[in-house]
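Structure first, then comments.
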Amino acid sequence: MSTDAVEKSELVTLTIDDVEVSVPKGTLVIRAAEQIGVQIPRFCDHPLLEPVGACRQCLVEVLDAGNGRGMPKPPASCTLAVADGMVVRTQATSKVADKAQQGTMEFLLINHPLDCPMCDKGGECPLQNQAMSNGRGESRYIEEKRTYPKPINISTQVLLDRERCVLCARCTRFSEQIAGDPFIEMIERGALQQVGIYENEPFDSYFSGNTIQVCPVGALTSSSYRFRSRPFDLVSTPSVGEHDACGSAIRVDHRRGKVMRRLSGNDPEVNEEWITDKDRFAFTYAQSGDRIETPLVRDEESGELRPASWPAAFAVAARGLAAAGERGGVGVLTGGRLTAEDAYAYSKFARVALDTNDIDFRARPHTPEEAGFLAALVAGRGLGVEYADLEGASSVLLVGLEPEDEAGTIFLRLRKAARASGRKPVLSIAPFTSPGLRKMHGTLVRTAPGDEPRALDETELDRDAVILVGERVAEVPGGLTAAARLAARTGARMAWVPRRAGDRGALDAGCLPQLLPGGRLVDDAAARVDIGTVWGATVPSAPGRDGAAILAAAAAGELGGLVVAGVDPVDLADPRAGAALDAAGFLVSLELRESAVTERADVVFPVAPAVNKAGTFVNWEGRPRPFETVMPEPAALPDLRVLAGIAEEMGPGLGFRTVQEARTEMAEIGEWDGERATFPGRSEASEAETSAAAGPSGLASSALTPDPATTATDAPASSASSVSGSAVQAVLASWKQMVDDGRMQDGDPAYKGTARKPVLLVSAAMLERLGVPEGALVELTGTVGSVVLPAKVADLPDGVCWTATNSGGVNLARDVGVHTGSVVRLEGGPA
Amino acid sequence: MVDALTPVLSDLWDADRPWTLETYRDAGGYSALDKAFGMEPSAIVEMVKDSGLRGRGGAGFPTGMKWGFIPQDPDKPGGDKPKYLVVNADESEPGTCKDIPLMMANPHVLVEGVIISAFAIRAEHAFIYVRGEVLHVVRRLQRAVQEAYLAGHLGTDIHGTGYNLELTVHAGAGAYICGEETALLDSLEGRRGQPRLRPPFPAVAGLYAAPTVINNVETIASVVPVVRNGPEWFGSMGTEKSKGMTLYSLSGHVAKPGQYEAPLGVTLRELLDIAGGVREGHELKFWTPGGSSTPILTGEHLDVPLDYEAVGEAGSMLGTKALQIFDETTCVVRAVLRWTEFYKHESCGKCTPCREGTWWLVQVLARLERGEGTENDLEVLLDQCDNILGRAFCALGDGATSPITSSIQYFREEYLQHLTEGGCPFDPAASTLFAKEGATA
């Protein structure tokens, strides 16, 4: 490492346009010139793509190549590494360089249409800009331009106007090098060279939108933005992606109160210059027709929800919650869309206004084991493993995490790490080799659902390794314990990667029954006093219930009420969650759009989507990613403002009403240097301890335990056997794909069209037992229904099948009644 | 004058079935192999260096020096990887026609050269990348390689030396760009042929990112007589810096077109004398010394020694020694337009100047040929060429400008004549080889 550091700091001194500049060895001249403020025009060059030297726009004159001799031809500065003593002249001081650049620009323009006034890129176009700065005013080209029928659909989302293309190959290089989805490639030759698609394969990429952004002309456009707006009419605001826990920097462009598009921001420490298509295109959910626009209160006589004023709704909610508190208490369930500030408000609201520790942010299957893991190892720990560490790690072990689907930025980093290292640093404990794992040049540790603890115990890592634990590991009894044990045993660093943007912030804010903000423990009197001092209130010490227990209590009529925000009951493990909501005495819902919760609620408060409020998402690294309001919308209040309104009706209030005030208070609380939770895997846990934490009791204590009859936790996958004829039993493995039926992806059919086609993956042996050929339809049956899917072979363990959790209109929990680990029945149908 | 010829590579061409192993062996073929196997590989490299053999593919790079760039030290970059020898047999330059007749008439001299050269650079796999359109040649090569395998000259433990060599004949699909050595490597690897960024150079990271020597057919074939007869013998022919014999290909308006093997430094006047002169009743107007990518020369250059240095001093390049002869019936604008159309068609599209430049050049030249335009178009043409030459990614773009700039240099008046006369002043039929005797412009 230290020698690397020395090498990196080795400086080379050269002269560019008579200015001496020292840059790290290996720097390209085009970037060294930027250091002295000279921008050499360029098209194919991109700092994150490998140099290609194709467009020849960045030619410079080299009077001395560092060896005392000049270069006879003007070289491309994007492929020329600096050398000591090099003397370079750019267009700023060299007639040769200037003429060479003007010549290339003239060539580029001869076949380029003059449709700038109607081109999406007009106004933000590198070709347009550089033609003005480094081109000639009048064209000498009087002949006919090359034309093509337009446009070509590369995917439902990405369109190509070939005549505008300057063939810089940025898009094809991005696809091949960065995303690893090389479904576009240059075809034909000469002036007829063009970007083509692989006829038999769609441009099946979760990162396709980046090709539009890196295109230096208007050749690539998106269906959703094409012909919609002019760059100079847009107001651009930096923000943060709200779709996953990556914390990607984005730029939101809006016009007249409407978001027109989103672009990748540039954050070298996080997402570099790339974002997922989800972060780019999935923003129309906030503009959908089912947005709740006013507070709603259930009419006592008609039983219908009717609009109410904010003060009236606050009063009704406060009254109802106070009464519910008397009747057995109120539980708080929050979901993954919350900002850290909003989560903090819920955490405080529960403790101060509702006097309870019944709060849980985990809107998904969860266990006490997970809560213990998060409390001890993640909550309030600050910045831990970083993106850069993924590149430097000796190996990266993934467990319960499919980065391409669940954390796109991690996927890109791991792919980059694998490509740069020339090794295969990625290991994945997963049921099969996913396309993403292949693209990360990863190695599969083939594992059936439920077998992860054993796989973790059998894994060897060194101290420079990193373990990325996905939130899905919580579904496996003993999984998180085994992960912690592995980290303790090997000294490898570990990070927890949730799927949703708000989860880490909610954890840090104390949205768990045993936690207060900053990883402080409810059980710890000193922590309660510490927080109580800031809050000016007494923090309740009674043990709280987790989400599953809250719902169970509600279903049993033990709870007086519920406050629910950003939770879809379908995401919870318990199919009876909806009934539990019905049974809750008094239900307050804070929601963006109509949902299964709002239709049951007694009071519904509309809340602001991320675009209408400021906030912070704490990403999986533990890195706070603050963002400010993109578009102010007076009628859309952030959750914390709504909670403050209710709390003020109930008593002294929350002590803040704005995001800024909440941030100030959170900063005041600061880090915690007191007692932390402990977790068995971290210490030298005995086998007994481990199995106690890992055994079925982990799930048994949860009211959300699925019906034992459908669970395979104690039945090895391989024992699943054929039941009859072409019907077989299998253990289900599943996760949510990036582009799926999630509600925050509603409203853009072109984006939805890039989703992967639903498919049922089985092993070759199982396909044989099913007695159908690959591609034939197979019926998957669970406890409440079935789904018919085309079968495909994957390298799954025998007895295990895989399909996506929420794709193609089928939600496995809602429509089939199954989830990962369930035993399902498969029956081959006609091909 | 016949004495000027030195048939070495072409010596067997008039033998009975010269492409067979039997004929080749009876003439002493594959005897250089044992001599080479008796030497240290590095000694063969030295011998080739000493001979002064330079690349016959056009650039004239010293062959032994190129071989010396291959890292043989395992600690050097690429030194621990397998080495490859690739023979560039993708002859497709307009006018160039030496490798194809050579492989057609005597493929075994190439195979023997491959074995010696691969042994010298310690390669255990060699490739001949041959233009796929010349099917007859591909078949002869494949048969020759098969014969060599059967005779034990290829395969494992060759001649009991313990040296192993596989030789693969690969038929390219006929793209001119695949004659560019790095595009050839991409094509050979199964990709679309486009030139690669250098560095890394093929000597360090070539085929499959391993150290690779890429040589022209004639170069590799010439290694055989160098080894057989010694570097001094080879150096006794030719000029001081351009040693040895080479194949000159005369084509066009010449009485006896064909391959003439002579020492480097022979003049066109001498070669024309042997070849029966310009076609009957006509006189030389212009000619290319080494294919269409080399600037044209005229009658005033008849006595320029055809070696690398002298042709360079005359403002052109020796190139592939493809001497295309054009007599006074030929319209230079028309000839240049046809060549330029070739470059436009063959531009790979990777870089802007070549891709767009050749597209534009054709349109301007076509206009000029039709007599449309102004004298200023000549300045535009020259400026376009200036913006392509040395600005393109590889030499294809440079080559496309040579005929234009050189023809305007020598025949500006003829270009203008097209404009003043409103079209081409020539009768295109008169320049054809089937034109009636005595036809004139």
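By convention in this document, the chains of the structure tokens carry letters A, B, ... by their order, each chain's residues are numbered from 1, and ligands are numbered from 1 in the order they are shown.
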Would you mind listing what lies within 6 Å of segment 289-298 of chain B as a list in words, with only C-alpha atoms counted and same-chain residues fewer than 5 positions away left out? Pro94, Gly95, Thr96, Ser316, Met317, Leu318, Gly319, Thr320, Lys321, Ala322, Leu323, Gly399, Ser402, Pro403 and Ser406 of chain B
Just write the chosen residues, N, CA and C atoms, as a PDB file, in the first residue's frame.
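Saved the output as out-v3.pdb:
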```pdb
ATOM      1  N   PRO B  94      -4.738  -1.320 -53.773  1.00  0.00           N
ATOM      2  CA  PRO B  94      -4.834  -1.236 -55.233  1.00  0.00           C
ATOM      3  C   PRO B  94      -3.441  -1.208 -55.870  1.00  0.00           C
ATOM      4  N   GLY B  95      -3.197  -2.105 -56.777  1.00  0.00           N
ATOM      5  CA  GLY B  95      -1.910  -2.165 -57.463  1.00  0.00           C
ATOM      6  C   GLY B  95      -0.966  -3.177 -56.880  1.00  0.00           C
ATOM      7  N   THR B  96      -1.139  -3.490 -55.606  1.00  0.00           N
ATOM      8  CA  THR B  96      -0.199  -4.388 -54.952  1.00  0.00           C
ATOM      9  C   THR B  96      -0.568  -5.834 -55.232  1.00  0.00           C
ATOM     10  N   SER B 316       8.079  10.358 -52.622  1.00  0.00           N
ATOM     11  CA  SER B 316       7.077   9.305 -52.507  1.00  0.00           C
ATOM     12  C   SER B 316       7.589   8.251 -51.527  1.00  0.00           C
ATOM     13  N   MET B 317       7.065   7.044 -51.611  1.00  0.00           N
ATOM     14  CA  MET B 317       7.493   5.960 -50.737  1.00  0.00           C
ATOM     15  C   MET B 317       7.627   4.700 -51.578  1.00  0.00           C
ATOM     16  N   LEU B 318       8.572   3.826 -51.176  1.00  0.00           N
ATOM     17  CA  LEU B 318       8.736   2.595 -51.926  1.00  0.00           C
ATOM     18  C   LEU B 318       7.525   1.679 -51.752  1.00  0.00           C
ATOM     19  N   GLY B 319       6.942   1.743 -50.566  1.00  0.00           N
ATOM     20  CA  GLY B 319       5.714   0.989 -50.315  1.00  0.00           C
ATOM     21  C   GLY B 319       5.864  -0.474 -50.621  1.00  0.00           C
ATOM     22  N   THR B 320       4.922  -1.004 -51.356  1.00  0.00           N
ATOM     23  CA  THR B 320       4.927  -2.436 -51.669  1.00  0.00           C
ATOM     24  C   THR B 320       5.546  -2.718 -53.023  1.00  0.00           C
ATOM     25  N   LYS B 321       6.200  -1.728 -53.611  1.00  0.00           N
ATOM     26  CA  LYS B 321       6.864  -1.879 -54.914  1.00  0.00           C
ATOM     27  C   LYS B 321       5.867  -2.284 -55.995  1.00  0.00           C
ATOM     28  N   ALA B 322       4.656  -1.789 -55.847  1.00  0.00           N
ATOM     29  CA  ALA B 322       3.624  -2.062 -56.848  1.00  0.00           C
ATOM     30  C   ALA B 322       3.666  -0.930 -57.864  1.00  0.00           C
ATOM     31  N   LEU B 323       4.315  -1.208 -58.965  1.00  0.00           N
ATOM     32  CA  LEU B 323       4.532  -0.164 -59.975  1.00  0.00           C
ATOM     33  C   LEU B 323       3.375  -0.193 -60.960  1.00  0.00           C
ATOM     34  N   GLY B 399      -2.769   7.492 -46.449  1.00  0.00           N
ATOM     35  CA  GLY B 399      -2.636   6.939 -47.790  1.00  0.00           C
ATOM     36  C   GLY B 399      -3.678   7.506 -48.747  1.00  0.00           C
ATOM     37  N   SER B 402      -2.463  10.714 -50.479  1.00  0.00           N
ATOM     38  CA  SER B 402      -1.276  10.720 -51.341  1.00  0.00           C
ATOM     39  C   SER B 402      -1.607  10.938 -52.813  1.00  0.00           C
ATOM     40  N   PRO B 403      -2.533  10.159 -53.390  1.00  0.00           N
ATOM     41  CA  PRO B 403      -2.787  10.351 -54.820  1.00  0.00           C
ATOM     42  C   PRO B 403      -3.311  11.751 -55.127  1.00  0.00           C
ATOM     43  N   SER B 406      -0.371  14.482 -54.638  1.00  0.00           N
ATOM     44  CA  SER B 406       0.692  14.337 -55.644  1.00  0.00           C
ATOM     45  C   SER B 406       0.157  14.621 -57.046  1.00  0.00           C
TER      46      SER B 406
END
```
Please, which residues in chain B fall within 9 Å of chain A when counting only C-alpha atoms, and what is the closest atom pair and distance in Å to one decimal for each, ordered by chain then residue number, as JSON lines?
```
{"residue": "B:Arg192", "atom": "CA", "partner": "A:Ile187", "partner_atom": "CA", "distance": 8.3}
{"residue": "B:Arg196", "atom": "CA", "partner": "A:Val52", "partner_atom": "CA", "distance": 8.3}
{"residue": "B:Leu197", "atom": "CA", "partner": "A:Val52", "partner_atom": "CA", "distance": 6.6}
{"residue": "B:Arg198", "atom": "CA", "partner": "A:Thr79", "partner_atom": "CA", "distance": 8.9}
{"residue": "B:Tyr343", "atom": "CA", "partner": "A:Gly190", "partner_atom": "CA", "distance": 9.0}
{"residue": "B:Lys344", "atom": "CA", "partner": "A:Gly190", "partner_atom": "CA", "distance": 6.6}
{"residue": "B:His345", "atom": "CA", "partner": "A:Gly190", "partner_atom": "CA", "distance": 6.5}
{"residue": "B:Glu346", "atom": "CA", "partner": "A:Gly190", "partner_atom": "CA", "distance": 6.6}
{"residue": "B:Ser347", "atom": "CA", "partner": "A:Gly190", "partner_atom": "CA", "distance": 4.5}
{"residue": "B:Cys348", "atom": "CA", "partner": "A:Arg189", "partner_atom": "CA", "distance": 4.7}
{"residue": "B:Gly349", "atom": "CA", "partner": "A:Gly190", "partner_atom": "CA", "distance": 3.8}
{"residue": "B:Lys350", "atom": "CA", "partner": "A:Ala54", "partner_atom": "CA", "distance": 5.7}
{"residue": "B:Cys351", "atom": "CA", "partner": "A:Ala54", "partner_atom": "CA", "distance": 4.5}
{"residue": "B:Thr352", "atom": "CA", "partner": "A:Cys55", "partner_atom": "CA", "distance": 5.2}
{"residue": "B:Pro353", "atom": "CA", "partner": "A:Thr104", "partner_atom": "CA", "distance": 6.0}
{"residue": "B:Cys354", "atom": "CA", "partner": "A:Gly190", "partner_atom": "CA", "distance": 8.0}
{"residue": "B:Arg355", "atom": "CA", "partner": "A:Gly190", "partner_atom": "CA", "distance": 5.0}
{"residue": "B:Glu356", "atom": "CA", "partner": "A:Phe107", "partner_atom": "CA", "distance": 5.5}
{"residue": "B:Gly357", "atom": "CA", "partner": "A:Phe107", "partner_atom": "CA", "distance": 6.1}
{"residue": "B:Thr358", "atom": "CA", "partner": "A:Ala191", "partner_atom": "CA", "distance": 8.5}
{"residue": "B:Trp359", "atom": "CA", "partner": "A:Ala191", "partner_atom": "CA", "distance": 6.6}
{"residue": "B:Trp360", "atom": "CA", "partner": "A:Tyr141", "partner_atom": "CA", "distance": 7.9}
{"residue": "B:Gln363", "atom": "CA", "partner": "A:Glu143", "partner_atom": "CA", "distance": 7.0}
{"residue": "B:Val364", "atom": "CA", "partner": "A:Glu143", "partner_atom": "CA", "distance": 8.1}
{"residue": "B:Val380", "atom": "CA", "partner": "A:Arg140", "partner_atom": "CA", "distance": 7.9}
{"residue": "B:Asp383", "atom": "CA", "partner": "A:Gly103", "partner_atom": "CA", "distance": 8.5}
{"residue": "B:Gln384", "atom": "CA", "partner": "A:Gly103", "partner_atom": "CA", "distance": 7.4}
{"residue": "B:Asp386", "atom": "CA", "partner": "A:Ala100", "partner_atom": "CA", "distance": 8.6}
{"residue": "B:Asn387", "atom": "CA", "partner": "A:Gly103", "partner_atom": "CA", "distance": 5.3}
{"residue": "B:Ile388", "atom": "CA", "partner": "A:Gly103", "partner_atom": "CA", "distance": 8.1}
{"residue": "B:Leu389", "atom": "CA", "partner": "A:Lys73", "partner_atom": "CA", "distance": 8.5}
{"residue": "B:Gly390", "atom": "CA", "partner": "A:Lys73", "partner_atom": "CA", "distance": 5.1}
{"residue": "B:Arg391", "atom": "CA", "partner": "A:Pro74", "partner_atom": "CA", "distance": 6.6}
{"residue": "B:Ala392", "atom": "CA", "partner": "A:Arg56", "partner_atom": "CA", "distance": 7.1}
{"residue": "B:Phe393", "atom": "CA", "partner": "A:Ala54", "partner_atom": "CA", "distance": 6.8}
```
- Message: List the spatial neighbours of Thr20 of chain B as a ChimeraX atom specification - criterion: any atom at most 12 Å away, only C-alpha atoms, same-chain residues fewer than 2 positions off excluded.
- Response: /B:12-13,15-18,22-27,29,103-109,111,140-148
Could you save the residues just selected, with N, CA and C atoms, as a compact mmCIF listing (two decimals), in the first residue's frame?
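The resulting out26.txt:
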```
# COMPACT_ATOMS: atom_id res chain seq x y z
N LEU B 12 11.54 -20.65 -58.39
CA LEU B 12 10.87 -21.92 -58.70
C LEU B 12 9.58 -21.76 -59.49
N TRP B 13 9.17 -20.50 -59.71
CA TRP B 13 7.82 -20.27 -60.22
C TRP B 13 7.54 -20.94 -61.55
N ALA B 15 8.85 -23.84 -62.38
CA ALA B 15 9.02 -25.29 -62.26
C ALA B 15 7.66 -25.97 -62.40
N ASP B 16 7.73 -27.29 -62.55
CA ASP B 16 6.48 -28.05 -62.67
C ASP B 16 5.81 -28.11 -61.30
N ARG B 17 4.55 -27.72 -61.24
CA ARG B 17 3.80 -27.73 -60.00
C ARG B 17 4.64 -27.23 -58.83
N PRO B 18 5.04 -25.95 -58.92
CA PRO B 18 6.00 -25.45 -57.92
C PRO B 18 5.41 -25.34 -56.52
N GLU B 22 6.97 -31.59 -52.91
CA GLU B 22 7.96 -32.36 -53.64
C GLU B 22 8.88 -31.45 -54.45
N THR B 23 8.27 -30.57 -55.24
CA THR B 23 9.05 -29.65 -56.05
C THR B 23 9.95 -28.78 -55.17
N TYR B 24 9.36 -28.29 -54.10
CA TYR B 24 10.10 -27.39 -53.22
C TYR B 24 11.28 -28.12 -52.58
N ARG B 25 11.02 -29.35 -52.13
CA ARG B 25 12.07 -30.09 -51.46
C ARG B 25 13.19 -30.44 -52.44
N ASP B 26 12.81 -30.82 -53.67
CA ASP B 26 13.82 -31.18 -54.66
C ASP B 26 14.72 -29.99 -54.98
N ALA B 27 14.18 -28.80 -54.81
CA ALA B 27 14.99 -27.61 -55.08
C ALA B 27 15.73 -27.14 -53.83
N GLY B 29 14.34 -27.08 -50.74
CA GLY B 29 13.43 -26.52 -49.76
C GLY B 29 13.52 -27.21 -48.41
N MET B 103 2.41 -16.69 -52.82
CA MET B 103 1.77 -17.80 -52.09
C MET B 103 1.13 -18.80 -53.05
N MET B 104 0.72 -18.29 -54.18
CA MET B 104 0.09 -19.14 -55.18
C MET B 104 1.13 -20.09 -55.79
N ALA B 105 2.31 -19.53 -56.10
CA ALA B 105 3.31 -20.31 -56.82
C ALA B 105 4.16 -21.14 -55.86
N ASN B 106 4.50 -20.55 -54.72
CA ASN B 106 5.42 -21.27 -53.84
C ASN B 106 5.04 -21.04 -52.38
N PRO B 107 3.96 -21.65 -51.94
CA PRO B 107 3.55 -21.41 -50.55
C PRO B 107 4.55 -21.97 -49.54
N HIS B 108 5.35 -22.98 -49.97
CA HIS B 108 6.23 -23.63 -49.01
C HIS B 108 7.36 -22.73 -48.54
N VAL B 109 7.78 -21.80 -49.39
CA VAL B 109 8.86 -20.92 -48.93
C VAL B 109 8.34 -20.04 -47.80
N VAL B 111 5.92 -21.07 -45.67
CA VAL B 111 5.78 -21.95 -44.51
C VAL B 111 7.15 -22.16 -43.85
N ARG B 140 -4.17 -23.35 -51.58
CA ARG B 140 -2.76 -23.76 -51.75
C ARG B 140 -2.02 -23.66 -50.42
N LEU B 141 -2.31 -22.59 -49.69
CA LEU B 141 -1.66 -22.42 -48.39
C LEU B 141 -2.05 -23.54 -47.44
N GLN B 142 -3.35 -23.81 -47.40
CA GLN B 142 -3.82 -24.85 -46.49
C GLN B 142 -3.18 -26.20 -46.84
N ARG B 143 -3.09 -26.47 -48.12
CA ARG B 143 -2.49 -27.72 -48.56
C ARG B 143 -1.00 -27.75 -48.18
N ALA B 144 -0.33 -26.65 -48.40
CA ALA B 144 1.10 -26.59 -48.08
C ALA B 144 1.32 -26.80 -46.59
N VAL B 145 0.46 -26.18 -45.77
CA VAL B 145 0.60 -26.34 -44.33
C VAL B 145 0.34 -27.79 -43.95
N GLN B 146 -0.66 -28.38 -44.59
CA GLN B 146 -0.96 -29.79 -44.31
C GLN B 146 0.24 -30.67 -44.67
N GLU B 147 0.82 -30.39 -45.85
CA GLU B 147 1.99 -31.18 -46.27
C GLU B 147 3.13 -31.02 -45.28
N ALA B 148 3.30 -29.79 -44.80
CA ALA B 148 4.39 -29.55 -43.86
C ALA B 148 4.17 -30.30 -42.56
```
Apply DSSP to the structure's backbone, then extract all residues of segment 183-396 of chain A labelled strand (DSSP E or B) and return them as a PyMOL selection string. chain A and resi 184-187+194-197+220-222+235-240+249-255+258-264+267+272+291+296-298+305-307+330-334+359-360+396
Quiz prompt | All helix (DSSP H, G or I) residues (DSSP, backbone) inside segment 500-656 of chain A, as a PyMOL selection string | solution = chain A and resi 503-509+517-519+525-535+547-555+569-571+577-583+598-600+610-612+639-650
Selection: 7 Å around Cys78 of chain A, only C-alpha atoms, excl. self and same-chain fewer than 5 positions, as a ChimeraX atom specification: /A:28-30,45,51,53,58
Can you pull out the residues contacting Asp233 of chain A? Cut-off 10 Å, using only C-alpha atoms, and skip same-chain residues under 5 positions away; I want them as an mmCIF file with C-alpha atoms, in the first residue's frame.
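Dumped everything to around_24.cif:
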```
data_model
loop_
_atom_site.group_PDB
_atom_site.id
_atom_site.type_symbol
_atom_site.label_atom_id
_atom_site.label_comp_id
_atom_site.auth_asym_id
_atom_site.auth_seq_id
_atom_site.Cartn_x
_atom_site.Cartn_y
_atom_site.Cartn_z
ATOM 1 C CA GLY A 123 -28.294 24.365 -25.691
ATOM 2 C CA ASP A 253 -34.368 19.341 -13.965
ATOM 3 C CA HIS A 254 -37.804 20.856 -13.655
ATOM 4 C CA ARG A 255 -39.915 23.358 -15.502
ATOM 5 C CA ARG A 256 -43.160 24.995 -14.446
#
```
Open item on the list: Between A:Leu437, A:Leu767, A:Val217, A:Val62, which residue has the minimum interatomic distance to Glu163 of chain A, considering only C-alpha atoms?
Closed with: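 Closest candidate: A:Val217.
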field: Exercise: segment 611-626 of chain A partners within 6 Å, only C-alpha atoms, chain neighbours under 4 positions left out, as a PyMOL selection string
entry: chain A and resi 245-247+339-340+382-386+497+502+504-505+630-633
Quick one: everything within 9 Å of Asn210 of chain A, counting only C-alpha atoms, minus sequence neighbours fewer than 4 positions away in the same chain. Send it as a PyMOL selection string. chain A and resi 171+174-175+214-215+263-264+273-277+280
Practice task
Kindly indicate which residue among A:Met118, A:Ala282, A:Val739, A:Ala83 lies nearest to Phe227 of chain A, using only C-alpha atoms for the distances.
Solution key: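 Under the stated criterion, the closest residue is A:Met118.
You will find atom CA of Glu91 of chain B at 27.0 Å from atom CA of Gly155 of chain B.
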Atom CA of Val217 of chain B to atom CA of Ala89 of chain B measures 5.7 Å
